[in-house]
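Chemist: Structure in structure tokens, see below.
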Amino acid sequence: PLLRRCFQMTFYQLRKDILYQQDAGDYTSYGIDVFNSQSNVLIRSIPDISLEKGLLKNLIFLCNDLQLDIIHLDDVVDDFLS
């Protein structure tokens with residue numbers, strides 16, 4: 001018998017957080033929210049990835065454009081940060 005794997009359709013969106021660090025005070029940081037595209041329910045969130053909004057927006061565009069499977073998101077973020 002054939003096994004079929006169902007992939008949950010997702011879309012990626014920029015998140016913005018105002019965070020606090022004792023040495024630096026308040027700062028704006030950006031991360032990624034992942035939503036189920038059928039129900040619009042938030043299924044994953046990775047805050048505080050970058051201070052560079054434009055760079056992260058480009059990464060999110062690629063994730064959506066290439067229909068990145070959520071199981072690869074951690075690897076993509078790790079590669080982005082290295």
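Chains: A, B, ... in order of the structure tokens. Residues: from 1 per chain. Ligands: from 1, in order shown.
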Tell me, as an MDAnalysis selection string, which residues lie within 12 Å of Ile71 of chain A, counting only C-alpha atoms; anything in the same chain fewer than 3 positions away does not count.

Modeler: chainID A and resid 7:10 34 44 63 67:68 74:77

Chemist: Any chance you could list, as a PyMOL selection string, the residues in chain A that come up strand (DSSP E or B) when DSSP is run on the backbone?

Modeler: chain A and resi 10-21+25-36+42-50

Chemist: Taking only C-alpha atoms into account, name the residue in A:Phe35, A:Phe11, A:Phe61, A:Tyr30 that is nearest to Asp48 of chain A.

Modeler: A:Tyr30

Chemist: Point out the residue among A:Ser39, A:Pro47, A:Phe80, A:Leu19 with the least atom-to-atom distance to Leu59 of chain A, counting only C-alpha atoms.

Modeler: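 So, comparing all the options, the nearest one is A:Phe80.
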
Chemist: Please indicate the distance in Å from atom CA of Ile60 of chain A to atom CA of Ile18 of chain A, rounded to one decimal place.

Modeler: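 Calculated distance between atom CA of Ile60 of chain A and atom CA of Ile18 of chain A is 19.6 Å.
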
Chemist: For atom CA of Val41 of chain A and atom CA of Asp65 of chain A, determine how far apart the two atoms are, in Å to one decimal place.

Modeler: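 If I compute the distance from atom CA of Val41 of chain A to atom CA of Asp65 of chain A, I get 19.6 Å.
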
Chemist: Taking 3 positions as the minimum chain separation for residues in the same chain, which residues sit within 12 Å of Asp17 of chain A when counting only C-alpha atoms? Answer as a list in words.

Modeler: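 Within the cut-off, the hits are Leu14, Tyr20, Asp26, Tyr27, Thr28, Ser29, Tyr30, Gly31, Ile32, Asp33, Ser45, Ile46, Pro47, Asp48, Ile49, Ser50, Leu51 and Lys53 of chain A.
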
Chemist: Could you dump the residues just selected with N, CA and C atoms as a PDB file, in the first residue's frame?

Modeler:
ATOM      1  N   LEU A  14       6.117  38.315   9.004  1.00  0.00           N
ATOM      2  CA  LEU A  14       7.032  39.049   9.869  1.00  0.00           C
ATOM      3  C   LEU A  14       6.333  39.381  11.183  1.00  0.00           C
ATOM      4  N   TYR A  20      13.362  44.162  25.844  1.00  0.00           N
ATOM      5  CA  TYR A  20      14.183  44.913  26.790  1.00  0.00           C
ATOM      6  C   TYR A  20      15.391  44.076  27.165  1.00  0.00           C
ATOM      7  N   ASP A  26      15.232  49.256  25.782  1.00  0.00           N
ATOM      8  CA  ASP A  26      14.262  48.769  24.806  1.00  0.00           C
ATOM      9  C   ASP A  26      14.889  48.713  23.415  1.00  0.00           C
ATOM     10  N   TYR A  27      14.523  47.692  22.658  1.00  0.00           N
ATOM     11  CA  TYR A  27      14.960  47.600  21.268  1.00  0.00           C
ATOM     12  C   TYR A  27      13.906  46.859  20.459  1.00  0.00           C
ATOM     13  N   THR A  28      13.906  47.118  19.158  1.00  0.00           N
ATOM     14  CA  THR A  28      12.965  46.473  18.250  1.00  0.00           C
ATOM     15  C   THR A  28      13.660  45.301  17.577  1.00  0.00           C
ATOM     16  N   SER A  29      12.996  44.158  17.620  1.00  0.00           N
ATOM     17  CA  SER A  29      13.526  42.960  16.991  1.00  0.00           C
ATOM     18  C   SER A  29      12.428  42.313  16.151  1.00  0.00           C
ATOM     19  N   TYR A  30      12.841  41.556  15.151  1.00  0.00           N
ATOM     20  CA  TYR A  30      11.901  40.933  14.236  1.00  0.00           C
ATOM     21  C   TYR A  30      12.061  39.419  14.247  1.00  0.00           C
ATOM     22  N   GLY A  31      10.954  38.748  14.030  1.00  0.00           N
ATOM     23  CA  GLY A  31      10.942  37.299  14.001  1.00  0.00           C
ATOM     24  C   GLY A  31       9.960  36.808  12.951  1.00  0.00           C
ATOM     25  N   ILE A  32       9.638  35.520  13.044  1.00  0.00           N
ATOM     26  CA  ILE A  32       8.760  34.890  12.066  1.00  0.00           C
ATOM     27  C   ILE A  32       7.591  34.224  12.775  1.00  0.00           C
ATOM     28  N   ASP A  33       6.383  34.518  12.306  1.00  0.00           N
ATOM     29  CA  ASP A  33       5.183  33.790  12.710  1.00  0.00           C
ATOM     30  C   ASP A  33       4.776  32.883  11.566  1.00  0.00           C
ATOM     31  N   SER A  45       5.976  30.258  16.219  1.00  0.00           N
ATOM     32  CA  SER A  45       6.500  31.608  16.275  1.00  0.00           C
ATOM     33  C   SER A  45       7.953  31.553  16.718  1.00  0.00           C
ATOM     34  N   ILE A  46       8.800  32.290  16.018  1.00  0.00           N
ATOM     35  CA  ILE A  46      10.210  32.400  16.409  1.00  0.00           C
ATOM     36  C   ILE A  46      10.504  33.894  16.549  1.00  0.00           C
ATOM     37  N   PRO A  47      10.548  34.390  17.770  1.00  0.00           N
ATOM     38  CA  PRO A  47      10.818  35.817  17.977  1.00  0.00           C
ATOM     39  C   PRO A  47      12.315  36.118  17.972  1.00  0.00           C
ATOM     40  N   ASP A  48      12.641  37.390  17.894  1.00  0.00           N
ATOM     41  CA  ASP A  48      13.999  37.895  18.130  1.00  0.00           C
ATOM     42  C   ASP A  48      15.060  37.223  17.254  1.00  0.00           C
ATOM     43  N   ILE A  49      14.788  37.162  15.957  1.00  0.00           N
ATOM     44  CA  ILE A  49      15.766  36.587  15.026  1.00  0.00           C
ATOM     45  C   ILE A  49      16.758  37.642  14.566  1.00  0.00           C
ATOM     46  N   SER A  50      16.266  38.851  14.273  1.00  0.00           N
ATOM     47  CA  SER A  50      17.135  39.863  13.682  1.00  0.00           C
ATOM     48  C   SER A  50      16.653  41.264  14.019  1.00  0.00           C
ATOM     49  N   LEU A  51      17.593  42.182  14.046  1.00  0.00           N
ATOM     50  CA  LEU A  51      17.265  43.600  14.177  1.00  0.00           C
ATOM     51  C   LEU A  51      17.037  44.230  12.805  1.00  0.00           C
ATOM     52  N   LYS A  53      15.032  44.453   9.724  1.00  0.00           N
ATOM     53  CA  LYS A  53      13.703  44.156   9.195  1.00  0.00           C
ATOM     54  C   LYS A  53      13.752  43.752   7.725  1.00  0.00           C
TER      55      LYS A  53
END

Chemist: How would you write, as a list in words, the set of residues in segment 42-78 of chain A that DSSP gives as alpha helix (DSSP H)?

Modeler: Lys53, Gly54, Leu55, Leu56, Lys57, Asn58, Leu59, Ile60, Phe61, Leu62, Cys63, Asn64, Asp65, Leu73, Asp74, Asp75, Val76, Val77 and Asp78 of chain A
